[in-house]
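Content type mmCIF, C-alpha atoms, from the file run_35.cif:
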data_coords
#
loop_
_atom_site.label_atom_id
_atom_site.label_comp_id
_atom_site.auth_asym_id
_atom_site.auth_seq_id
_atom_site.Cartn_x
_atom_site.Cartn_y
_atom_site.Cartn_z
CA MET A 1 157.80 88.74 118.54
CA THR A 2 156.94 91.86 116.57
CA GLY A 3 160.10 93.80 117.42
CA THR A 4 161.87 95.86 114.77
CA ALA A 5 164.32 93.92 112.58
CA HIS A 6 167.89 95.10 112.26
CA VAL A 7 168.95 96.68 108.98
CA GLY A 8 169.52 93.96 106.38
CA GLU A 9 167.79 91.34 108.55
CA SER A 10 164.58 89.66 107.37
CA ALA A 11 161.52 89.65 109.59
CA ALA A 12 161.72 85.86 109.68
CA GLN A 13 165.36 85.94 110.77
CA ALA A 14 164.59 88.60 113.39
CA ALA A 15 161.95 86.32 114.90
CA VAL A 16 164.31 83.36 114.92
CA ASN A 17 167.13 85.42 116.47
CA SER A 18 164.75 86.53 119.19
CA PHE A 19 163.92 82.92 119.98
CA ASP A 20 167.63 82.01 119.86
CA ARG A 21 168.22 84.34 122.78
CA MET A 22 165.38 82.69 124.67
CA ARG A 23 166.77 79.22 123.90
CA SER A 24 170.16 80.27 125.29
CA GLU A 25 168.46 81.34 128.51
CA ARG A 26 166.77 77.95 128.72
CA LYS A 27 170.06 76.05 128.29
CA THR A 28 171.74 78.15 131.00
CA ARG A 29 168.88 77.47 133.38
CA ALA A 30 168.84 73.73 132.56
CA THR A 31 172.57 73.49 133.25
CA GLY A 32 172.05 75.22 136.57
CA LEU A 33 169.33 72.78 137.54
CA PHE A 34 171.55 69.83 136.70
CA LEU A 35 174.45 71.23 138.76
CA VAL A 36 172.14 71.80 141.73
CA GLY A 37 171.00 68.18 141.56
CA PHE A 38 174.57 66.92 141.08
CA LEU A 39 175.87 68.86 144.07
CA ALA A 40 172.97 67.68 146.21
CA VAL A 41 173.75 64.05 145.40
CA GLY A 42 177.49 64.56 145.87
CA LEU A 43 176.95 66.07 149.31
CA GLY A 44 174.54 63.33 150.31
CA LEU A 45 171.56 65.65 150.50
CA GLY A 46 168.28 63.81 149.86
CA CYS A 47 165.10 65.45 148.61
CA SER A 48 162.44 62.91 149.48
CA GLY A 49 161.30 64.09 152.91
CA LYS A 50 159.45 67.27 153.79
CA SER A 51 162.13 68.40 156.24
CA GLU A 52 164.77 68.02 153.53
CA LEU A 53 162.74 69.98 150.97
CA SER A 54 163.34 73.19 152.89
CA GLU A 55 167.12 72.54 153.08
CA THR A 56 167.78 71.47 149.48
CA PRO A 57 167.26 73.64 146.36
CA ASN A 58 164.12 72.52 144.61
CA PRO A 59 165.16 71.10 141.21
CA LEU A 60 161.70 71.82 139.75
CA TYR A 61 161.79 75.52 140.56
CA VAL A 62 162.10 77.88 137.61
CA ASP A 63 162.98 81.50 138.39
CA PRO A 64 160.36 83.68 136.65
CA ALA A 65 163.06 86.30 136.05
CA ALA A 66 164.93 83.77 133.88
CA ARG A 67 162.10 83.69 131.34
CA ASP A 68 161.13 86.50 129.01
CA PHE A 69 157.35 86.73 129.31
CA SER A 70 157.20 90.04 127.42
CA ARG A 71 156.30 88.25 124.15
CA ASN A 72 153.41 86.49 125.86
CA PRO A 73 152.37 88.39 129.02
CA GLU A 74 149.25 86.28 129.53
CA LEU A 75 151.40 83.17 129.90
CA LEU A 76 152.81 84.36 133.24
CA GLN A 77 149.27 84.80 134.57
CA ARG A 78 148.33 81.30 133.41
CA VAL A 79 151.38 79.70 135.03
CA VAL A 80 150.84 81.53 138.32
CA ALA A 81 147.14 80.66 138.36
CA SER A 82 147.40 76.93 139.06
CA PRO A 83 150.02 74.37 140.06
CA HIS A 84 149.12 72.15 137.13
CA ARG A 85 149.82 74.90 134.62
CA TYR A 86 153.17 75.38 136.29
CA PHE A 87 153.67 71.62 136.01
CA ARG A 88 152.94 71.84 132.27
CA PHE A 89 155.40 74.72 131.96
CA ILE A 90 158.34 72.79 133.44
CA ASN A 91 158.19 69.56 131.48
CA ILE A 92 161.87 69.47 130.50
CA PRO A 93 163.17 70.17 134.07
CA PHE A 94 160.69 67.54 135.31
CA SER A 95 162.01 64.89 132.92
CA GLN A 96 165.59 65.83 133.80
CA GLU A 97 164.81 65.27 137.46
CA VAL A 98 163.20 61.89 136.77
CA CYS A 99 166.41 60.83 134.99
CA ARG A 100 168.59 62.05 137.86
CA ARG A 101 166.51 60.99 140.85
CA TYR A 102 165.34 57.56 139.70
CA GLY A 103 168.34 56.34 137.77
CA ASP A 104 168.31 53.05 139.69
CA LEU A 105 164.82 52.30 138.34
CA ILE A 106 165.87 53.22 134.81
CA GLU A 107 169.11 51.27 134.66
CA GLY A 108 168.81 48.19 132.45
CA THR A 109 165.24 48.92 131.34
CA PRO A 110 164.22 48.82 127.65
CA LEU A 111 163.67 51.85 125.46
CA PHE A 112 160.11 52.63 124.38
CA ASN A 113 158.18 55.15 122.33
CA LEU A 114 157.57 58.00 124.78
CA HIS A 115 154.82 60.58 124.73
CA GLY A 116 157.18 62.74 126.78
CA ASP A 117 154.55 65.02 128.33
CA ALA A 118 151.80 62.67 129.46
CA HIS A 119 149.48 64.58 131.80
CA ILE A 120 145.77 64.61 132.51
CA GLU A 121 145.08 67.82 130.53
CA GLN A 122 146.71 66.29 127.44
CA TYR A 123 143.70 63.99 127.25
CA ALA A 124 141.41 65.44 124.61
CA ILE A 125 138.15 64.56 122.91
CA THR A 126 138.13 65.54 119.24
CA ASP A 127 136.37 64.91 115.95
CA LEU A 128 138.88 62.07 115.42
CA GLY A 129 138.37 60.36 118.77
CA ARG A 130 139.99 60.67 122.17
CA GLY A 131 143.26 60.20 124.03
CA LEU A 132 146.57 61.88 124.81
CA THR A 133 147.52 64.50 122.24
CA ASP A 134 150.38 67.01 121.77
CA PHE A 135 153.49 65.00 120.94
CA ASP A 136 155.99 67.89 120.99
CA ASP A 137 158.22 66.11 123.52
CA SER A 138 157.91 62.56 122.22
CA SER A 139 161.14 60.58 121.98
CA THR A 140 162.59 57.17 122.76
CA GLY A 141 163.51 56.34 126.33
CA PRO A 142 162.53 54.66 129.60
CA ALA A 143 158.80 54.20 130.20
CA LEU A 144 159.33 55.65 133.69
CA ILE A 145 159.18 59.19 132.30
CA ASP A 146 155.60 58.80 131.05
CA LEU A 147 154.48 56.70 134.03
CA LEU A 148 155.70 59.23 136.59
CA ARG A 149 154.61 62.32 134.68
CA PHE A 150 151.03 61.14 134.32
CA GLY A 151 150.83 60.00 137.94
CA THR A 152 152.27 63.29 139.20
CA SER A 153 149.85 65.26 137.04
CA LEU A 154 146.90 63.53 138.75
CA ARG A 155 148.07 64.75 142.15
CA VAL A 156 149.05 68.25 141.04
CA ALA A 157 145.88 68.84 138.99
CA CYS A 158 143.76 67.69 141.92
CA HIS A 159 145.34 70.26 144.28
CA GLY A 160 142.35 72.08 145.79
CA HIS A 161 139.81 69.62 144.31
CA ASP A 162 138.09 66.56 145.75
CA CYS A 163 139.37 63.80 143.46
CA GLY A 164 138.84 60.91 145.84
CA ASP A 165 141.55 58.31 146.44
CA LEU A 166 144.40 59.31 144.10
CA ASP A 167 146.39 56.16 144.88
CA ALA A 168 143.42 54.16 143.61
CA THR A 169 143.17 56.34 140.50
CA TYR A 170 146.86 55.87 139.75
CA ASN A 171 146.36 52.15 140.23
CA GLU A 172 143.68 52.28 137.54
CA PHE A 173 146.17 53.94 135.21
CA LEU A 174 148.75 51.23 135.94
CA ARG A 175 146.09 48.54 135.52
CA GLY A 176 145.24 49.83 132.05
CA TYR A 177 148.93 50.01 131.20
CA ARG A 178 149.51 46.42 132.29
CA ASP A 179 146.37 45.16 130.50
CA ALA A 180 147.59 46.63 127.21
CA LEU A 181 151.10 45.22 127.67
CA GLU A 182 149.61 41.77 128.13
CA ASP A 183 147.25 42.18 125.17
CA PRO A 184 147.83 45.13 122.79
CA GLY A 185 144.39 44.50 121.32
CA THR A 186 142.77 45.59 124.59
CA ASP A 187 140.30 48.46 124.20
CA ALA A 188 139.22 50.67 127.08
CA PRO A 189 135.52 51.47 127.45
CA GLU A 190 134.78 54.99 126.25
CA PRO A 191 134.98 57.24 129.34
CA THR A 192 131.80 58.97 130.43
CA VAL A 193 133.37 62.40 129.94
CA ALA A 194 134.23 61.55 126.32
CA ARG A 195 130.62 60.63 125.51
CA ARG A 196 129.32 63.77 127.19
CA VAL A 197 131.77 66.14 125.50
CA ARG A 198 131.28 64.54 122.10
CA GLY A 199 127.52 64.94 122.52
CA ASP A 200 128.03 68.71 122.85
CA PHE A 201 130.10 69.07 119.67
CA LYS A 202 128.82 71.66 117.22
CA TYR A 203 129.60 71.82 113.53
CA ASP A 204 129.51 75.45 112.42
CA ARG A 205 132.35 75.85 109.94
CA GLN A 206 131.97 79.58 109.53
CA ARG A 207 132.08 80.19 113.28
CA TYR A 208 135.07 77.86 113.61
CA LEU A 209 137.05 79.65 110.89
CA GLU A 210 136.20 83.03 112.43
CA TRP A 211 137.63 81.75 115.72
CA VAL A 212 140.76 80.55 113.90
CA GLY A 213 141.19 84.07 112.54
CA SER A 214 140.83 85.52 116.04
CA VAL A 215 143.77 83.49 117.44
CA MET A 216 146.00 84.08 114.40
CA GLU A 217 148.27 87.04 115.17
CA PRO A 218 149.55 89.17 112.28
CA MET A 219 152.98 88.46 110.80
CA PRO A 220 155.03 90.34 108.19
CA GLU A 221 154.41 89.52 104.53
CA SER A 222 158.09 88.71 104.09
CA GLU A 223 157.82 86.01 106.73
CA LYS A 224 154.67 84.63 105.10
CA ASP A 225 156.61 84.36 101.84
CA ALA A 226 159.46 82.56 103.59
CA LEU A 227 157.00 80.19 105.25
CA GLU A 228 155.28 79.42 101.94
CA ALA A 229 158.62 78.66 100.27
CA ALA A 230 159.64 76.40 103.15
CA MET A 231 156.37 74.47 102.84
CA ALA A 232 157.01 73.47 99.19
CA PRO A 233 158.76 70.13 99.97
CA TYR A 234 156.08 69.33 102.57
CA VAL A 235 153.33 69.95 100.01
CA GLU A 236 155.07 67.68 97.51
CA ALA A 237 155.24 64.92 100.13
CA MET A 238 151.53 65.31 100.96
CA PHE A 239 150.61 64.93 97.28
CA GLU A 240 152.78 61.82 97.00
CA GLN A 241 151.07 60.28 100.02
CA ASP A 242 147.54 61.16 98.88
CA ARG A 243 146.98 61.32 95.11
CA ASP A 244 143.34 62.37 95.65
CA LEU A 245 144.25 65.80 97.04
CA ASP A 246 143.35 68.73 94.80
CA GLY A 247 146.39 70.40 93.26
CA ASP A 248 145.67 73.71 95.01
CA PHE A 249 144.77 72.16 98.37
CA PHE A 250 147.71 73.73 100.23
CA GLU A 251 147.50 77.19 98.67
CA ILE A 252 147.87 79.62 101.59
CA VAL A 253 144.82 81.77 102.29
CA ASP A 254 146.16 83.34 105.49
CA ALA A 255 148.92 82.80 108.02
CA GLY A 256 149.95 84.22 111.38
CA TYR A 257 151.66 83.58 114.68
CA LEU A 258 150.03 81.37 117.31
CA ARG A 259 150.55 82.09 121.05
CA MET A 260 148.29 79.43 122.57
CA GLY A 261 149.49 76.71 124.94
CA VAL A 262 151.41 76.57 128.21
CA GLY A 263 154.47 74.35 127.85
CA SER A 264 154.86 75.39 124.20
CA ALA A 265 153.75 79.00 124.56
CA LEU A 266 157.27 80.41 124.15
CA ASP A 267 158.08 78.26 121.11
CA ILE A 268 157.74 79.58 117.56
CA LYS A 269 154.34 78.51 116.22
CA TYR A 270 152.42 79.42 113.09
CA LEU A 271 148.80 78.92 112.12
CA VAL A 272 148.12 78.58 108.39
CA ARG A 273 144.76 78.53 106.64
CA VAL A 274 144.92 76.73 103.28
CA ARG A 275 142.47 76.48 100.39
CA GLY A 276 141.34 72.91 100.99
CA ALA A 277 139.40 70.73 98.57
CA THR A 278 137.55 73.51 96.70
CA ASP A 279 137.40 77.29 96.25
CA GLU A 280 134.53 77.41 98.77
CA PRO A 281 135.92 79.27 101.84
CA LEU A 282 134.16 76.92 104.25
CA ASP A 283 136.23 74.10 102.74
CA ASP A 284 139.46 75.69 103.94
CA ASP A 285 141.75 73.59 106.12
CA VAL A 286 143.87 74.78 109.07
CA LEU A 287 147.46 73.70 109.74
CA GLU A 288 149.51 74.28 112.88
CA ILE A 289 153.28 74.56 112.35
CA LYS A 290 155.28 74.15 115.56
CA GLU A 291 158.99 74.50 116.17
CA VAL A 292 160.62 71.20 117.13
CA ARG A 293 161.97 71.56 120.64
CA GLU A 294 165.50 70.40 121.48
CA LEU A 295 165.51 67.73 124.19
CA GLU A 296 169.16 66.68 124.45
CA ASP A 297 169.39 68.11 128.00
CA ILE A 298 167.20 65.19 129.15
CA GLU A 299 170.01 62.74 129.68
CA CYS A 300 168.14 59.40 129.88
CA ILE A 301 166.25 59.65 126.58
CA ARG A 302 167.55 59.01 123.09
CA VAL A 303 167.28 61.92 120.65
CA SER A 304 169.35 63.28 117.78
CA GLN A 305 171.45 66.37 118.33
CA GLY A 306 169.42 69.44 117.40
CA SER A 307 165.79 69.39 116.39
CA ASP A 308 164.64 66.16 114.76
CA PRO A 309 161.03 66.39 113.46
CA PHE A 310 160.72 62.65 112.99
CA ARG A 311 160.70 61.94 116.73
CA VAL A 312 157.48 63.98 116.93
CA LEU A 313 155.89 62.40 113.87
CA LEU A 314 156.75 58.87 115.00
CA GLY A 315 155.42 59.54 118.51
CA GLN A 316 152.15 60.79 117.05
CA THR A 317 151.67 57.86 114.67
CA ARG A 318 152.74 55.17 117.15
CA ILE A 319 151.01 56.36 120.34
CA ALA A 320 147.93 58.37 119.30
CA TYR A 321 144.70 56.42 119.06
CA GLU A 322 143.99 58.43 115.91
CA PRO A 323 146.80 60.68 114.57
CA PHE A 324 145.99 64.13 113.20
CA GLY A 325 145.90 64.60 109.45
CA HIS A 326 148.56 66.02 107.09
CA LEU A 327 151.47 65.13 109.38
CA GLY A 328 154.80 66.36 108.11
CA TYR A 329 157.63 68.80 108.64
CA ILE A 330 159.44 71.80 107.15
CA ARG A 331 162.83 73.49 107.54
CA LEU A 332 162.77 77.26 107.96
CA GLN A 333 165.72 79.54 108.70
CA GLY A 334 167.78 76.56 109.91
CA ARG A 335 165.02 75.36 112.25
CA SER A 336 162.76 72.30 112.07
CA PHE A 337 158.99 72.52 112.44
CA TRP A 338 156.38 69.79 112.49
CA ILE A 339 152.94 70.20 110.94
CA HIS A 340 149.51 68.77 111.60
CA ALA A 341 145.94 69.64 110.64
CA TRP A 342 143.51 71.01 113.19
CA VAL A 343 140.06 69.56 113.80
CA GLU A 344 136.90 71.59 114.24
CA ASN A 345 136.06 70.22 117.68
CA TYR A 346 138.79 69.78 120.29
CA LYS A 347 138.29 69.70 124.06
CA GLU A 348 140.93 68.94 126.69
CA VAL A 349 139.63 67.60 130.00
CA GLU A 350 139.94 69.67 133.17
CA ILE A 351 139.63 68.65 136.80
CA GLY A 352 136.52 70.15 138.39
CA GLU A 353 135.04 71.23 135.05
CA SER A 354 134.74 68.62 132.32
CA LEU A 355 135.70 65.90 134.85
CA VAL A 356 133.04 66.08 137.54
CA SER A 357 133.72 63.04 139.76
CA PRO A 358 136.50 60.71 140.92
CA VAL A 359 134.86 57.91 138.93
CA GLU A 360 135.19 59.87 135.69
CA LEU A 361 138.82 60.67 136.49
CA ALA A 362 139.54 56.97 137.07
CA GLU A 363 137.93 56.08 133.72
CA VAL A 364 140.22 58.50 131.91
CA ALA A 365 143.24 57.25 133.85
CA TYR A 366 142.52 53.66 132.77
CA ASP A 367 142.06 54.79 129.15
CA VAL A 368 145.41 56.63 129.18
CA GLY A 369 147.04 53.53 130.66
CA ILE A 370 145.70 51.46 127.75
CA GLN A 371 146.92 54.04 125.24
CA LEU A 372 150.46 54.15 126.64
CA GLY A 373 150.61 50.40 127.16
CA ARG A 374 149.81 49.91 123.48
CA GLY A 375 151.86 52.82 122.19
CA HIS A 376 155.06 52.37 124.17
CA SER A 377 156.00 49.16 122.36
CA ASN A 378 154.25 49.84 119.04
CA GLN A 379 156.67 49.07 116.15
CA ILE A 380 159.75 49.60 118.31
CA GLY A 381 160.63 46.01 119.23
CA ALA A 382 159.48 43.99 116.20
CA PRO A 383 159.85 41.10 115.74
CA LEU A 384 160.54 40.74 119.48
CA ASP A 385 157.65 42.91 120.66
CA THR A 386 156.12 40.10 122.73
CA GLN A 387 159.32 39.69 124.73
CA LEU A 388 159.60 43.47 125.12
CA ARG A 389 156.10 43.72 126.57
CA ARG A 390 156.70 40.75 128.90
CA GLU A 391 159.83 42.41 130.24
CA GLN A 392 157.94 45.63 130.89
CA VAL A 393 155.23 43.73 132.79
CA ARG A 394 157.94 42.22 134.97
CA ILE A 395 159.48 45.65 135.63
CA LEU A 396 156.08 47.18 136.37
CA ASP A 397 155.24 44.49 138.92
CA ARG A 398 158.68 44.88 140.52
CA ASP A 399 158.57 48.68 140.78
CA ARG A 400 154.87 49.38 141.41
CA ASP A 401 155.34 50.52 145.03
CA ARG A 402 158.33 52.70 144.09
CA LEU A 403 156.28 54.31 141.33
CA ARG A 404 153.53 55.32 143.75
CA GLN A 405 156.08 56.75 146.19
CA ALA A 406 157.90 58.60 143.42
CA VAL A 407 154.66 60.19 142.24
CA ARG A 408 154.02 61.53 145.75
CA GLU A 409 157.57 62.90 146.01
CA LEU A 410 157.42 64.63 142.62
CA ALA A 411 154.00 66.11 143.35
CA GLU A 412 155.32 67.62 146.60
CA LEU A 413 158.31 69.10 144.78
CA THR A 414 156.06 70.54 142.07
CA LEU A 415 153.65 72.17 144.49
CA GLU A 416 156.50 73.69 146.48
CA ALA A 417 158.19 74.96 143.30
CA TRP A 418 154.92 76.53 142.12
CA GLN A 419 154.51 78.37 145.42
CA MET A 420 158.07 79.68 145.09
CA PHE A 421 157.37 80.75 141.50
CA ARG A 422 154.25 82.64 142.59
CA THR A 423 156.13 84.41 145.36
CA GLU A 424 159.10 85.37 143.21
CA SER A 425 156.86 86.58 140.39
CA GLY A 426 155.25 88.99 142.86
CA GLN A 427 151.79 87.65 142.06
CA ALA A 428 151.14 85.25 144.91
CA SER A 429 147.58 85.19 146.19
CA GLU A 430 145.40 82.87 148.21
CA SER A 431 145.03 79.53 146.40
#

Could the structure of this file be written out as structure tokens, please?
Amino acid sequence: MTGTAHVGESAAQAAVNSFDRMRSERKTRATGLFLVGFLAVGLGLGCSGKSELSETPNPLYVDPAARDFSRNPELLQRVVASPHRYFRFINIPFSQEVCRRYGDLIEGTPLFNLHGDAHIEQYAITDLGRGLTDFDDSSTGPALIDLLRFGTSLRVACHGHDCGDLDATYNEFLRGYRDALEDPGTDAPEPTVARRVRGDFKYDRQRYLEWVGSVMEPMPESEKDALEAAMAPYVEAMFEQDRDLDGDFFEIVDAGYLRMGVGSALDIKYLVRVRGATDEPLDDDVLEIKEVRELEDIECIRVSQGSDPFRVLLGQTRIAYEPFGHLGYIRLQGRSFWIHAWVENYKEVEIGESLVSPVELAEVAYDVGIQLGRGHSNQIGAPLDTQLRREQVRILDRDRDRLRQAVRELAELTLEAWQMFRTESGQASES
């Protein structure tokens, strides 16, 4: 993203133009995936059996040559390294396929608050609490998208690991989901992994801020100026919401690009260090500013045309157990970005590392089920929320067996697509 700007073109505009080209590539690829699925259906070609997988184009396969990894070379290595990272990388094609493949399960079902990218490695333990984080792809739509994505993630993340009976683990997730639909006041017991991780938290502000500086990549001063100007309305809104904030709280100390992540690694992201409550450097706060991704290619969800920051903010406030601080948005160079404050301690769970047994995995699955069961209907159906939850319980009981089968089908497709991606990238190795 540090390429030379054209004459008369600002550094900020050059960065945006670069990402415009990447977005165009994405739309072309998404259209191709849809046409492949459409032709397969029109010709009567199923995709559910193993023998058919080899005869039908895999709708979850992304050609590595169609993505420009030059801006983030490490991302390709991360995606190749594990099937679950590939799964994280293809969230939009995955949701498109859920819409296409399981339209009969979606037809006539209510619309809910969706996380949009619910997977096991989105479960994090932080200074604020625990639960699914990262609401970049939140929207309004059928609950099936979240239910199938989380279930598929369990199977894909457990590839090569002993995770026990994954059908039983998915049942725990669905049990938590149903419990919360029946009683939104239901609380899940704190998972063992959450207690253990929280017990290892360290509070060393200087070390934390040094690490923040290490992941903040340099950006041109002109783009910093444009970013600061774009933040002015956001800062005004923060002061209106919290009259106790110091008047210089959001004064920018430093700012840079951020390349972290998997699914969002090719999006425009900034990291901004602001003054905080006092002039003491250790009081500084850290804000992440992320481009709002366009989701209109996912045909069964409801989103505004273009990039609407409020779908992200509403998803965060309605589904998160404890939303991040300083939530808001800015407009920059015709693009929308959403903002949230970082916390000092943040740890996402990982199969085989932080999660060390099938029992711990099942505890997290139940907790996520509770979170989604509460969040899906939160503030979206009032004053008829009780009827909305009752209807979803009925649908869940009706479709439970289909959900389990769908999760197995989607996991097979994902694993096959990942193997194809590894081969085509020229970096396949023994898994």

Quick one: everything within 12 Å of Met420 (chain A), counting all atoms listed in the file, minus sequence neighbours fewer than 2 positions away in the same chain. Send it as a PDB file with C-alpha atoms, keeping the file's coordinate frame.
ATOM      1  CA  SER A  54     163.340  73.190 152.890  1.00  0.00           C
ATOM      2  CA  PRO A  57     167.260  73.640 146.360  1.00  0.00           C
ATOM      3  CA  ASN A  58     164.120  72.520 144.610  1.00  0.00           C
ATOM      4  CA  PRO A  59     165.160  71.100 141.210  1.00  0.00           C
ATOM      5  CA  LEU A  60     161.700  71.820 139.750  1.00  0.00           C
ATOM      6  CA  TYR A  61     161.790  75.520 140.560  1.00  0.00           C
ATOM      7  CA  VAL A  62     162.100  77.880 137.610  1.00  0.00           C
ATOM      8  CA  ASP A  63     162.980  81.500 138.390  1.00  0.00           C
ATOM      9  CA  PRO A  64     160.360  83.680 136.650  1.00  0.00           C
ATOM     10  CA  VAL A  80     150.840  81.530 138.320  1.00  0.00           C
ATOM     11  CA  PRO A  83     150.020  74.370 140.060  1.00  0.00           C
ATOM     12  CA  TYR A  86     153.170  75.380 136.290  1.00  0.00           C
ATOM     13  CA  LEU A 413     158.310  69.100 144.780  1.00  0.00           C
ATOM     14  CA  THR A 414     156.060  70.540 142.070  1.00  0.00           C
ATOM     15  CA  LEU A 415     153.650  72.170 144.490  1.00  0.00           C
ATOM     16  CA  GLU A 416     156.500  73.690 146.480  1.00  0.00           C
ATOM     17  CA  ALA A 417     158.190  74.960 143.300  1.00  0.00           C
ATOM     18  CA  TRP A 418     154.920  76.530 142.120  1.00  0.00           C
ATOM     19  CA  ARG A 422     154.250  82.640 142.590  1.00  0.00           C
ATOM     20  CA  THR A 423     156.130  84.410 145.360  1.00  0.00           C
ATOM     21  CA  GLU A 424     159.100  85.370 143.210  1.00  0.00           C
ATOM     22  CA  SER A 425     156.860  86.580 140.390  1.00  0.00           C
ATOM     23  CA  GLY A 426     155.250  88.990 142.860  1.00  0.00           C
ATOM     24  CA  GLN A 427     151.790  87.650 142.060  1.00  0.00           C
ATOM     25  CA  ALA A 428     151.140  85.250 144.910  1.00  0.00           C
ATOM     26  CA  SER A 429     147.580  85.190 146.190  1.00  0.00           C
TER      27      SER A 429
END

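Distances to Gly131 (chain A) were evaluated for A:Arg293, A:Lys347, A:Arg408, A:Arg402 using only C-alpha atoms, and the minimum falls at A:Lys347.
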
Of A:Arg88, A:Arg100, A:His161, A:Arg243, the one nearest to Glu121 (chain A) when counting only C-alpha atoms is A:Arg88

I'd like to see the residues matched by the PyMOL selection byres ((chain A and resi 267-284) around 7) on this file, and ideally I'd get them as a PDB file with C-alpha atoms, in the frame of the given file.
ATOM      1  CA  ARG A 205     132.350  75.850 109.940  1.00  0.00           C
ATOM      2  CA  GLN A 206     131.970  79.580 109.530  1.00  0.00           C
ATOM      3  CA  MET A 216     146.000  84.080 114.400  1.00  0.00           C
ATOM      4  CA  ASP A 246     143.350  68.730  94.800  1.00  0.00           C
ATOM      5  CA  ASP A 248     145.670  73.710  95.010  1.00  0.00           C
ATOM      6  CA  PHE A 249     144.770  72.160  98.370  1.00  0.00           C
ATOM      7  CA  PHE A 250     147.710  73.730 100.230  1.00  0.00           C
ATOM      8  CA  GLU A 251     147.500  77.190  98.670  1.00  0.00           C
ATOM      9  CA  ILE A 252     147.870  79.620 101.590  1.00  0.00           C
ATOM     10  CA  VAL A 253     144.820  81.770 102.290  1.00  0.00           C
ATOM     11  CA  ASP A 254     146.160  83.340 105.490  1.00  0.00           C
ATOM     12  CA  ALA A 255     148.920  82.800 108.020  1.00  0.00           C
ATOM     13  CA  GLY A 256     149.950  84.220 111.380  1.00  0.00           C
ATOM     14  CA  TYR A 257     151.660  83.580 114.680  1.00  0.00           C
ATOM     15  CA  LEU A 258     150.030  81.370 117.310  1.00  0.00           C
ATOM     16  CA  SER A 264     154.860  75.390 124.200  1.00  0.00           C
ATOM     17  CA  ALA A 265     153.750  79.000 124.560  1.00  0.00           C
ATOM     18  CA  LEU A 266     157.270  80.410 124.150  1.00  0.00           C
ATOM     19  CA  ASP A 285     141.750  73.590 106.120  1.00  0.00           C
ATOM     20  CA  VAL A 286     143.870  74.780 109.070  1.00  0.00           C
ATOM     21  CA  LEU A 287     147.460  73.700 109.740  1.00  0.00           C
ATOM     22  CA  GLU A 288     149.510  74.280 112.880  1.00  0.00           C
ATOM     23  CA  ILE A 289     153.280  74.560 112.350  1.00  0.00           C
ATOM     24  CA  LYS A 290     155.280  74.150 115.560  1.00  0.00           C
ATOM     25  CA  GLU A 291     158.990  74.500 116.170  1.00  0.00           C
TER      26      GLU A 291
END

Task: Residues matched by the PyMOL selection byres ((chain A and resi 326) around 12) as a PyMOL selection string - done: chain A and resi 234-242+245+249-250+274+276+285-289+313+316-317+323-325+327-329+338-343

Exercise. For Lys202 (chain A), please output as a list in words all residues within 12 Å (counting only C-alpha atoms; exclusion window: fewer than 5 positions along the same chain).
Key: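 Here the answer would be Thr126, Asp127, Val197, Arg207, Tyr208, Val343, Glu344, Asn345, Tyr346 and Lys347 of chain A.
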
Report as a PyMOL selection string all protein, DNA and RNA residues lying within 7 Å of region 349-358 of chain A, evaluated on all atoms listed in the file, omitting residues in the same chain fewer than 5 positions from it.
chain A and resi 121+123-124+157-158+161+163-164+193

task = Write out as a PyMOL selection string which residues come within 10 Å of Ile120 (chain A) when counting all atoms listed in the file, dropping same-chain ones fewer than 4 positions away.
result = chain A and resi 84+124+131-132+149-157+348-351+361+364-365+368

From CA of Gly369 (chain A) to CA of Arg394 (chain A) the spacing works out at 16.3 Å

Students should find that CA of Val292 (chain A) and CA of Ser307 (chain A) are spaced 5.5 Å

Produce the centre coordinates and the three edge lengths, each in Å to one decimal, of the box along x, y and z that contains all listed atoms of region 369-376 of chain A with 3 Å added on each side, as lines of an AutoDock Vina configuration file.
center_x = 150.4
center_y = 52.0
center_z = 126.4
size_x = 15.4
size_y = 10.2
size_z = 14.5

Between CA of Phe89 (chain A) and CA of Gly160 (chain A) lies a distance of 19.2 Å

Taking only C-alpha atoms into account, which of A:Glu74, A:Asp183, A:Glu363, A:Asp165 comes nearest Gly375 (chain A)?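 Smallest separation from Gly375 (chain A) among the options: A:Asp183.
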